[in-house]
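Chemist: So here's entry-v2.cif, just mmCIF, C-alpha atoms:
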data_final
loop_
_atom_site.label_atom_id
_atom_site.label_comp_id
_atom_site.auth_asym_id
_atom_site.auth_seq_id
_atom_site.Cartn_x
_atom_site.Cartn_y
_atom_site.Cartn_z
CA MET A 23 -52.15 -2.96 14.63
CA ASN A 24 -54.25 -3.84 11.62
CA PRO A 25 -53.28 -2.50 8.19
CA SER A 26 -55.41 0.40 7.02
CA GLN A 27 -57.44 0.17 3.85
CA HIS A 28 -54.76 2.27 2.19
CA ASP A 29 -52.02 -0.23 3.09
CA ILE A 30 -52.67 -2.60 0.22
CA ILE A 31 -49.30 -4.31 0.65
CA GLY A 32 -49.90 -5.05 4.34
CA MET A 33 -53.45 -6.22 3.66
CA ALA A 34 -52.23 -8.56 0.90
CA LEU A 35 -49.73 -10.16 3.30
CA ILE A 36 -52.26 -10.58 6.13
CA ASP A 37 -54.71 -12.17 3.67
CA ALA A 38 -52.00 -14.52 2.34
CA PHE A 39 -51.26 -15.82 5.84
CA ALA A 40 -55.00 -16.17 6.58
CA GLN A 41 -55.46 -18.30 3.47
CA ARG A 42 -52.81 -20.64 4.88
CA GLY A 43 -54.48 -20.90 8.27
CA TYR A 44 -52.23 -18.48 10.14
CA ARG A 45 -53.34 -15.37 11.98
CA ALA A 46 -51.00 -12.49 11.24
CA GLU A 47 -50.98 -8.84 12.20
CA LEU A 48 -48.72 -5.86 11.79
CA ALA A 49 -47.12 -4.77 15.07
CA ALA A 50 -45.66 -1.88 13.06
CA PRO A 51 -45.70 -1.11 9.33
CA ASP A 52 -42.47 -3.07 8.85
CA THR A 53 -43.08 -5.82 11.44
CA VAL A 54 -45.40 -8.80 10.97
CA VAL A 55 -46.34 -11.05 13.90
CA VAL A 56 -47.60 -14.54 13.07
CA THR A 57 -49.44 -16.77 15.56
CA LEU A 58 -48.14 -20.33 15.26
CA LYS A 59 -50.17 -23.51 15.53
CA ASP A 60 -48.96 -24.06 19.10
CA GLY A 61 -50.06 -20.57 20.14
CA ASN A 62 -46.58 -19.05 20.18
CA ARG A 63 -45.93 -15.97 18.10
CA ALA A 64 -43.09 -15.26 15.67
CA GLN A 65 -42.03 -11.81 14.53
CA ALA A 66 -40.34 -10.79 11.29
CA ASP A 67 -39.01 -7.58 9.79
CA ILE A 68 -40.69 -7.08 6.41
CA ALA A 69 -39.13 -3.74 5.48
CA GLN A 70 -37.13 -5.15 2.57
CA TRP A 71 -40.01 -7.33 1.46
CA ARG A 72 -42.25 -4.24 1.39
CA GLN A 73 -39.77 -2.52 -0.89
CA HIS A 74 -39.74 -5.55 -3.17
CA ALA A 75 -43.55 -5.81 -3.14
CA GLY A 76 -43.91 -2.09 -3.85
CA ARG A 77 -42.05 -2.48 -7.13
CA ASN A 78 -44.81 -4.74 -8.43
CA PRO A 79 -48.15 -3.68 -9.93
CA ARG A 80 -51.18 -3.90 -7.64
CA SER A 81 -52.54 -6.86 -9.57
CA ALA A 82 -49.40 -8.86 -8.74
CA LEU A 83 -49.50 -8.23 -4.96
CA PRO A 84 -51.55 -11.34 -4.02
CA GLY A 85 -49.00 -13.56 -5.76
CA VAL A 86 -46.02 -11.73 -4.25
CA ALA A 87 -47.57 -11.96 -0.77
CA ALA A 88 -48.39 -15.64 -1.31
CA GLN A 89 -44.76 -16.40 -2.16
CA TYR A 90 -43.55 -14.72 1.03
CA ALA A 91 -46.21 -16.42 3.17
CA ASP A 92 -45.39 -19.83 1.67
CA GLN A 93 -41.71 -19.44 2.57
CA ALA A 94 -42.56 -18.19 6.05
CA VAL A 95 -45.00 -21.05 6.68
CA GLN A 96 -42.43 -23.63 5.57
CA ALA A 97 -39.88 -22.08 7.92
CA LEU A 98 -42.35 -22.05 10.81
CA GLU A 99 -43.19 -25.71 10.28
CA ARG A 100 -39.52 -26.68 10.53
CA GLN A 101 -38.76 -24.41 13.46
CA THR A 102 -35.23 -24.68 14.79
CA PRO A 103 -35.33 -26.61 18.10
CA PRO A 104 -35.22 -24.15 21.01
CA ALA A 105 -32.01 -23.64 22.92
CA PRO A 106 -31.76 -25.59 26.18
CA SER A 107 -32.06 -22.36 28.16
CA GLY A 108 -35.48 -21.60 26.76
CA GLY A 109 -37.39 -20.68 23.64
CA GLY A 110 -36.06 -18.71 20.73
CA LEU A 111 -33.44 -19.13 18.07
CA ASP A 112 -30.43 -21.29 18.94
CA THR A 113 -27.66 -18.88 17.97
CA ALA A 114 -25.01 -21.59 18.45
CA SER A 115 -26.30 -23.27 15.27
CA LEU A 116 -25.92 -20.18 13.10
CA ARG A 117 -23.25 -19.87 10.43
CA VAL A 118 -22.52 -17.51 7.50
CA ARG A 119 -22.21 -18.47 3.84
CA LEU A 120 -21.21 -16.41 0.83
CA TYR A 121 -23.32 -16.59 -2.32
CA PRO A 122 -23.06 -15.00 -5.74
CA GLU A 123 -25.54 -12.14 -5.86
CA ASP A 124 -27.45 -13.71 -8.74
CA ALA A 125 -27.93 -16.98 -6.82
CA LEU A 126 -30.81 -15.42 -4.86
CA ASP A 127 -33.47 -13.32 -6.57
CA GLU A 128 -35.01 -10.25 -4.95
CA ARG A 129 -37.83 -12.29 -3.43
CA MET A 130 -35.40 -14.68 -1.76
CA GLN A 131 -33.15 -11.87 -0.56
CA ALA A 132 -36.18 -10.20 1.01
CA ALA A 133 -37.31 -13.39 2.74
CA LEU A 134 -33.93 -14.62 3.97
CA VAL A 135 -31.43 -13.05 6.38
CA THR A 136 -29.02 -11.71 3.78
CA ARG A 137 -26.97 -8.58 3.19
CA PRO A 138 -24.60 -7.25 0.53
CA PHE A 139 -21.00 -8.23 1.26
CA ALA A 140 -19.12 -6.91 -1.78
CA PRO A 141 -20.13 -6.08 -5.36
CA GLY A 142 -21.55 -9.31 -6.76
CA LEU A 143 -21.57 -11.12 -3.38
CA LEU A 144 -24.12 -11.72 -0.64
CA GLN A 145 -23.74 -12.95 2.92
CA ALA A 146 -26.50 -15.19 4.25
CA VAL A 147 -27.10 -16.47 7.76
CA VAL A 148 -27.76 -20.22 7.70
CA VAL A 149 -28.70 -22.85 10.28
CA ASP A 150 -26.16 -25.66 10.44
CA TYR A 151 -28.05 -28.92 10.96
CA PRO A 152 -26.24 -32.28 11.25
CA ASP A 153 -27.36 -33.31 7.76
CA SER A 154 -28.18 -30.05 6.00
CA ILE A 155 -27.57 -26.32 5.71
CA VAL A 156 -30.77 -24.24 5.72
CA PRO A 157 -30.82 -20.47 5.02
CA LEU A 158 -32.41 -18.58 7.90
CA ASN A 159 -35.73 -16.88 7.16
CA ARG A 160 -36.37 -13.44 8.57
CA ALA A 161 -39.59 -14.91 9.94
CA ASP A 162 -37.46 -17.10 12.24
CA LEU A 163 -35.48 -14.27 13.82
CA GLY A 164 -38.03 -13.66 16.56
CA GLY A 165 -36.72 -10.75 18.59
CA LEU A 166 -33.10 -11.19 17.46
CA ALA A 167 -31.77 -8.19 15.51
CA GLU A 168 -30.27 -8.98 12.11
CA ASP A 169 -26.90 -7.46 13.04
CA ALA A 170 -26.82 -9.74 16.10
CA ALA A 171 -27.75 -12.76 13.95
CA PHE A 172 -24.85 -11.99 11.62
CA GLY A 173 -22.54 -11.43 14.58
CA HIS A 174 -23.36 -14.80 16.15
CA ALA A 175 -23.18 -16.55 12.78
CA LEU A 176 -19.78 -15.04 11.98
CA ALA A 177 -18.37 -15.81 15.42
CA GLN A 178 -19.55 -19.44 15.23
CA SER A 179 -18.18 -19.85 11.67
CA ILE A 180 -14.78 -18.52 12.70
CA GLU A 181 -14.38 -19.98 16.20
CA ARG A 182 -16.26 -23.29 16.09
CA GLU A 183 -15.33 -24.48 12.61
CA PRO A 184 -11.78 -25.69 11.80
CA HIS A 185 -9.60 -23.94 9.24
CA TYR A 186 -6.03 -24.00 8.02
CA VAL A 187 -3.74 -21.33 6.55
CA GLN A 188 -1.36 -22.49 3.84
CA GLY A 189 1.26 -20.36 2.14
CA ASN A 190 1.86 -20.69 -1.58
CA ASP A 191 4.29 -19.12 -4.05
CA LEU A 192 3.24 -19.12 -7.69
CA ASP A 193 5.57 -17.44 -10.17
CA GLY A 194 6.97 -15.32 -7.38
CA VAL A 195 3.52 -14.23 -6.15
CA LYS A 196 3.06 -15.15 -2.50
CA MET A 197 -0.46 -16.10 -1.45
CA SER A 198 -2.16 -17.36 1.68
CA ASN A 199 -4.94 -19.91 1.28
CA ILE A 200 -7.45 -20.07 4.14
CA GLY A 201 -9.46 -23.25 3.78
CA GLU A 202 -11.23 -26.36 5.09
CA GLN A 203 -13.85 -28.86 3.97
CA HIS A 204 -16.87 -26.92 5.25
CA ARG A 205 -18.57 -24.03 3.45
CA TYR A 206 -18.19 -21.21 5.97
CA ILE A 207 -14.59 -20.19 5.25
CA GLY A 208 -15.74 -16.90 3.69
CA ALA A 209 -16.40 -15.63 7.23
CA HIS A 210 -12.63 -15.29 7.68
CA ALA A 211 -12.69 -12.30 5.34
CA GLN A 212 -14.00 -10.37 8.36
CA VAL A 213 -10.99 -11.23 10.52
CA LEU A 214 -8.19 -10.86 7.97
CA ARG A 215 -6.29 -8.71 10.46
CA ARG A 216 -5.53 -11.95 12.31
CA HIS A 217 -3.53 -13.08 9.31
CA PHE A 218 -2.10 -9.68 8.37
CA PRO A 219 -1.62 -7.78 11.65
CA GLY A 220 1.08 -5.40 10.39
CA PRO A 221 0.74 -2.24 8.31
CA LEU A 222 -0.80 -2.73 4.89
CA PRO A 223 -0.07 0.44 2.94
CA PHE A 224 -1.62 -0.94 -0.24
CA GLY A 225 -4.08 -3.43 1.25
CA ALA A 226 -4.41 -6.90 -0.23
CA LEU A 227 -5.99 -8.85 -3.07
CA VAL A 228 -8.67 -11.32 -1.98
CA ALA A 229 -10.58 -13.99 -3.90
CA PHE A 230 -13.57 -16.17 -2.92
CA PRO A 231 -13.66 -18.84 -5.64
CA LEU A 232 -15.28 -21.60 -3.55
CA PRO A 233 -17.09 -21.82 -0.21
CA GLU A 234 -14.10 -23.78 1.12
CA TYR A 235 -11.38 -21.28 0.12
CA VAL A 236 -10.33 -17.68 0.61
CA THR A 237 -7.10 -16.68 -1.16
CA VAL A 238 -5.20 -13.54 -0.14
CA HIS A 239 -2.13 -11.75 -1.51
CA GLU A 240 -0.61 -8.91 0.50
CA ILE A 241 0.19 -6.11 -1.94
CA GLY A 242 3.80 -4.99 -1.61
CA THR A 243 6.53 -3.51 -3.74
CA GLU A 244 8.60 -6.69 -4.20
CA THR A 245 6.14 -8.23 -6.68
CA HIS A 246 4.74 -6.21 -9.56
CA LEU A 247 1.08 -5.46 -8.91
CA VAL A 248 -0.10 -6.39 -12.42
CA LEU A 249 1.63 -9.77 -12.17
CA ALA A 250 0.10 -10.37 -8.75
CA LEU A 251 -3.35 -9.44 -9.97
CA LYS A 252 -3.10 -11.59 -13.10
CA THR A 253 -1.85 -14.55 -11.03
CA MET A 254 -4.66 -14.15 -8.49
CA GLN A 255 -7.20 -14.03 -11.35
CA ASP A 256 -5.80 -17.24 -12.80
CA VAL A 257 -5.88 -19.02 -9.44
CA ALA A 258 -9.44 -17.85 -8.68
CA ALA A 259 -10.65 -18.89 -12.13
CA ARG A 260 -9.04 -22.32 -11.80
CA PHE A 261 -10.59 -22.97 -8.40
CA ALA A 262 -14.00 -21.64 -9.42
CA GLY A 263 -13.94 -23.74 -12.57
CA SER A 264 -13.07 -27.00 -10.85
CA GLY A 265 -14.97 -27.07 -7.54
CA GLU A 266 -18.57 -27.58 -6.48
CA LYS A 267 -20.88 -24.62 -5.95
CA PRO A 268 -18.38 -21.95 -7.08
CA ILE A 269 -18.85 -18.45 -5.76
CA THR A 270 -16.90 -16.16 -8.10
CA ALA A 271 -13.64 -15.83 -10.00
CA GLN A 272 -13.65 -12.08 -9.29
CA VAL A 273 -10.65 -10.65 -7.40
CA TYR A 274 -11.23 -7.90 -4.83
CA TRP A 275 -9.03 -5.16 -3.42
CA TRP A 276 -9.26 -5.22 0.36
CA ARG A 277 -8.71 -1.79 1.84
CA PRO A 278 -8.39 -2.01 5.66
CA GLY A 279 -10.22 0.90 7.22
CA ARG A 280 -12.89 1.75 9.76
CA TYR A 281 -14.13 -1.83 10.03
CA GLU A 282 -10.67 -3.15 10.92
CA GLU A 283 -10.10 -0.35 13.43
CA MET A 284 -12.88 -1.72 15.62
CA ALA A 285 -12.37 -4.39 18.27
CA GLU A 286 -12.86 -7.74 16.53
CA ARG A 287 -16.07 -8.84 18.28
CA ASP A 288 -17.55 -5.34 18.05
CA ALA A 289 -16.84 -5.41 14.32
CA LEU A 290 -18.54 -8.79 13.84
CA PHE A 291 -21.72 -7.53 15.54
CA SER A 292 -21.61 -4.01 14.06
CA GLY A 293 -23.51 -4.70 10.85
CA ARG A 294 -20.47 -3.48 8.89
CA VAL A 295 -18.40 -5.43 6.37
CA PRO A 296 -14.84 -4.94 5.10
CA ASP A 297 -14.15 -2.60 2.20
CA LEU A 298 -13.80 -4.92 -0.83
CA ARG A 299 -13.68 -3.50 -4.35
CA PRO A 300 -13.62 -5.51 -7.60
CA VAL A 301 -10.39 -5.20 -9.57
CA GLY A 302 -8.95 -6.90 -12.63
CA VAL A 303 -6.55 -6.78 -15.56
CA GLN A 304 -6.66 -8.00 -19.13
CA VAL A 305 -3.33 -9.16 -20.53
CA GLU A 306 -2.98 -9.92 -24.25
CA LEU A 307 0.01 -10.76 -26.42
CA ASP A 308 0.33 -8.34 -29.35
CA GLY A 309 3.19 -9.53 -31.51
CA ASP A 310 6.22 -9.56 -29.26
CA SER A 311 4.75 -7.28 -26.60
CA LEU A 312 2.17 -7.65 -23.85
CA GLN A 313 -0.79 -5.31 -23.77
CA VAL A 314 -2.21 -4.70 -20.30
CA GLY A 315 -5.66 -3.25 -19.72
CA LEU A 316 -6.97 -2.17 -16.33
CA VAL A 317 -10.56 -3.24 -15.66
CA GLY A 318 -12.62 -0.64 -13.81
CA ASP A 319 -11.98 2.56 -11.87
CA HIS A 320 -10.96 0.73 -8.68
CA THR A 321 -8.15 -1.05 -10.54
CA ALA A 322 -6.90 2.23 -11.98
CA GLU A 323 -6.96 3.84 -8.53
CA LEU A 324 -5.06 0.92 -7.01
CA VAL A 325 -2.39 0.74 -9.72
CA GLN A 326 -1.87 4.50 -9.85
CA GLY A 327 -1.45 4.72 -6.07
CA TRP A 328 0.91 1.75 -6.04
CA GLU A 329 3.06 3.18 -8.86
CA ALA A 330 3.16 6.62 -7.23
CA ALA A 331 4.32 5.10 -3.94
CA ARG A 332 7.10 3.21 -5.68
CA GLY A 333 8.38 6.48 -7.09
#
What is this file in structure tokens?
Modeler:
Amino acid sequence: MNPSQHDIIGMALIDAFAQRGYRAELAAPDTVVVTLKDGNRAQADIAQWRQHAGRNPRSALPGVAAQYADQAVQALERQTPPAPSGGGLDTASLRVRLYPEDALDERMQAALVTRPFAPGLLQAVVVDYPDSIVPLNRADLGGLAEDAAFGHALAQSIEREPHYVQGNDLDGVKMSNIGEQHRYIGAHAQVLRRHFPGPLPFGALVAFPLPEYVTVHEIGTETHLVLALKTMQDVAARFAGSGEKPITAQVYWWRPGRYEEMAERDALFSGRVPDLRPVGVQVELDGDSLQVGLVGDHTAELVQGWEAARG
């Protein structure tokens, strides 16, 4: 399928690949197929890239298409070695990393296999090489669906990478730290039910300060919620301020729901993510009294529900 004369975005992309010595065609409006130097063909979903390109003026399209083609060509030239069973992407090498949303601009998000994870956070599928971690380009997916790529990457990050769970009590606030030396620990946010299998009437507070740590506090009635939230904020800020490649000091309210009701493997491959909402408090000393401010509607909803349940 060749782009029509009215498809200026598709034509710009085909031209960009041609200028780099690659024959490309559109199998569908949102699917580009590139013929590689060895004669094999690679397929990529360009739906999100089209949306990104469409937000640019017509005069900028050649440059936008060139940027995408450059990234795709680089990925094609360093193709992941095929799995022993045959050609295609080696799903055993896939992992998932968390990134701050502002770490990848729109162009990168369109080119790479990424998805929103929580406000301010992105999940990205990466290829775990012996000496490097390389984000996976959509051009390298071949016929693998993105939800399946995330499912394999999550399963490998959780099952094939080591982790520990360490309890901690800080000022009466009990926390669980899930951690290790690798940078895929954030994947455990999608199997938190393993660590908290019982009823969670108020959910939990979760923080992702570093790629190597996830910190969780089960919200209960024994510890005051504002104290727990303030303590979690302090811990997240300290970790994020002292480690390499920090993710965020933001604390999230995990609300178990439809995602957690699914069978674990089905959930990992479903394309869904847990319900995580940013929460926070501001605590200031005013004379002899503490002034507490709730940051955002989600925090107000959480605190009000918690106080109502306590009676």
Chemist: What does the PyMOL selection byres ((chain A and resi 244) around 12) select in this file, as a ChimeraX atom specification?
Modeler: /A:194-196,240-243,245-250,328,332
Chemist: Could you tell me which residues the PyMOL selection byres ((chain A and resi 69-83) around 8) grabs in this file, written as a list in words?
Modeler: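 For this structure, the PyMOL selection byres ((chain A and resi 69-83) around 8) resolves to Ile31, Ala34, Asp52, Thr53, Asp67, Ile68, Pro84, Gly85, Val86, Ala87, Glu128, Arg129, Ala132 and Ala133 of chain A.
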Chemist: Taking all atoms listed in the file into account, name the residue in A:Val213, A:Leu298, A:Leu251, A:Val257 that is nearest to Val314 of chain A.
Modeler: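 Closest candidate: A:Leu251.
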Chemist: How far is it from atom CA of Leu116 of chain A to atom CA of Leu58 of chain A, in Å with one decimal?
Modeler: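 Spanning atom CA of Leu116 of chain A to atom CA of Leu58 of chain A is a straight-line distance of 22.3 Å.
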Chemist: Using all atoms listed in the file, which of the listed residues (A:Pro122, A:Pro25, A:Pro141, A:Pro184) sits closest to Lys267 of chain A?
Modeler: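 Nearest candidate to Lys267 of chain A out of A:Pro122, A:Pro25, A:Pro141, A:Pro184: A:Pro122.
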Chemist: To one decimal in Å, tell me the separation between atom CA of Met33 of chain A and atom CA of Ala88 of chain A.
Modeler: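 Separation between atom CA of Met33 of chain A and atom CA of Ala88 of chain A: 11.8 Å.
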Chemist: So that I can check the surroundings of Val325 of chain A, please list as a ChimeraX atom specification every protein, DNA and RNA residue that reaches within 9 Å of it, counting all atoms listed in the file and ignoring chain neighbours fewer than 4 positions away.
Modeler: /A:247-248,316,320-321,329-330
Chemist: Name every residue that the PyMOL selection byres ((chain A and resi 258-265) around 10) selects in this structure, writing the answer as JSON, numbers by chain with chains first and numbers rising.
Modeler: {"A": [228, 229, 230, 231, 232, 233, 234, 235, 236, 237, 252, 253, 254, 255, 256, 257, 266, 267, 268, 269, 270, 271, 272, 273]}
Chemist: The selected residues should be written to file as a PDB file, in the frame of the given file (atoms: C-alpha atoms).
Modeler:
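And here is the file that came out, selection34.pdb:
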ATOM      1  CA  VAL A 228      -8.670 -11.320  -1.980  1.00  0.00           C
ATOM      2  CA  ALA A 229     -10.580 -13.990  -3.900  1.00  0.00           C
ATOM      3  CA  PHE A 230     -13.570 -16.170  -2.920  1.00  0.00           C
ATOM      4  CA  PRO A 231     -13.660 -18.840  -5.640  1.00  0.00           C
ATOM      5  CA  LEU A 232     -15.280 -21.600  -3.550  1.00  0.00           C
ATOM      6  CA  PRO A 233     -17.090 -21.820  -0.210  1.00  0.00           C
ATOM      7  CA  GLU A 234     -14.100 -23.780   1.120  1.00  0.00           C
ATOM      8  CA  TYR A 235     -11.380 -21.280   0.120  1.00  0.00           C
ATOM      9  CA  VAL A 236     -10.330 -17.680   0.610  1.00  0.00           C
ATOM     10  CA  THR A 237      -7.100 -16.680  -1.160  1.00  0.00           C
ATOM     11  CA  LYS A 252      -3.100 -11.590 -13.100  1.00  0.00           C
ATOM     12  CA  THR A 253      -1.850 -14.550 -11.030  1.00  0.00           C
ATOM     13  CA  MET A 254      -4.660 -14.150  -8.490  1.00  0.00           C
ATOM     14  CA  GLN A 255      -7.200 -14.030 -11.350  1.00  0.00           C
ATOM     15  CA  ASP A 256      -5.800 -17.240 -12.800  1.00  0.00           C
ATOM     16  CA  VAL A 257      -5.880 -19.020  -9.440  1.00  0.00           C
ATOM     17  CA  GLU A 266     -18.570 -27.580  -6.480  1.00  0.00           C
ATOM     18  CA  LYS A 267     -20.880 -24.620  -5.950  1.00  0.00           C
ATOM     19  CA  PRO A 268     -18.380 -21.950  -7.080  1.00  0.00           C
ATOM     20  CA  ILE A 269     -18.850 -18.450  -5.760  1.00  0.00           C
ATOM     21  CA  THR A 270     -16.900 -16.160  -8.100  1.00  0.00           C
ATOM     22  CA  ALA A 271     -13.640 -15.830 -10.000  1.00  0.00           C
ATOM     23  CA  GLN A 272     -13.650 -12.080  -9.290  1.00  0.00           C
ATOM     24  CA  VAL A 273     -10.650 -10.650  -7.400  1.00  0.00           C
TER      25      VAL A 273
END
Chemist: I want to know what sits within 10 Å of Gly43 of chain A, based on all atoms listed in the file, with residues of the same chain fewer than 4 positions away left out; could you give that as a list in words?
Modeler: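 Surrounding residues, per the criterion: Asp37, Ala38, Phe39, Thr57, Leu58, Lys59 and Val95 of chain A.
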Chemist: Counting all atoms listed in the file, which residues in segment 202-262 of chain A sit no more than 12 Å from segment 144-166 of chain A? For each one, give the nearest pair of atoms and the distance in Å, sorted by chain then residue number, as a Markdown table.
Modeler:
| residue | atom | partner | partner_atom | distance |
| --- | --- | --- | --- | --- |
| A:His204 | CA | A:Asp150 | CA | 10.7 |
| A:Arg205 | CA | A:Ile155 | CA | 9.6 |
| A:Tyr206 | CA | A:Val148 | CA | 9.8 |
| A:Ile207 | CA | A:Gln145 | CA | 11.9 |
| A:Gly208 | CA | A:Gln145 | CA | 9.0 |
| A:Ala209 | CA | A:Gln145 | CA | 8.9 |
| A:Ala211 | CA | A:Gln145 | CA | 11.3 |
| A:Gln212 | CA | A:Gln145 | CA | 11.5 |
| A:Phe230 | CA | A:Leu144 | CA | 11.7 |
| A:Pro233 | CA | A:Gln145 | CA | 11.5 |
Chemist: Can you write just those residues out, C-alpha atoms, as a short mmCIF file (atom, residue, chain, number, x, y, z; two decimals), in the coordinates of the input?
Modeler:
data_model
loop_
_atom_site.label_atom_id
_atom_site.label_comp_id
_atom_site.auth_asym_id
_atom_site.auth_seq_id
_atom_site.Cartn_x
_atom_site.Cartn_y
_atom_site.Cartn_z
CA HIS A 204 -16.87 -26.92 5.25
CA ARG A 205 -18.57 -24.03 3.45
CA TYR A 206 -18.19 -21.21 5.97
CA ILE A 207 -14.59 -20.19 5.25
CA GLY A 208 -15.74 -16.90 3.69
CA ALA A 209 -16.40 -15.63 7.23
CA ALA A 211 -12.69 -12.30 5.34
CA GLN A 212 -14.00 -10.37 8.36
CA PHE A 230 -13.57 -16.17 -2.92
CA PRO A 233 -17.09 -21.82 -0.21
#
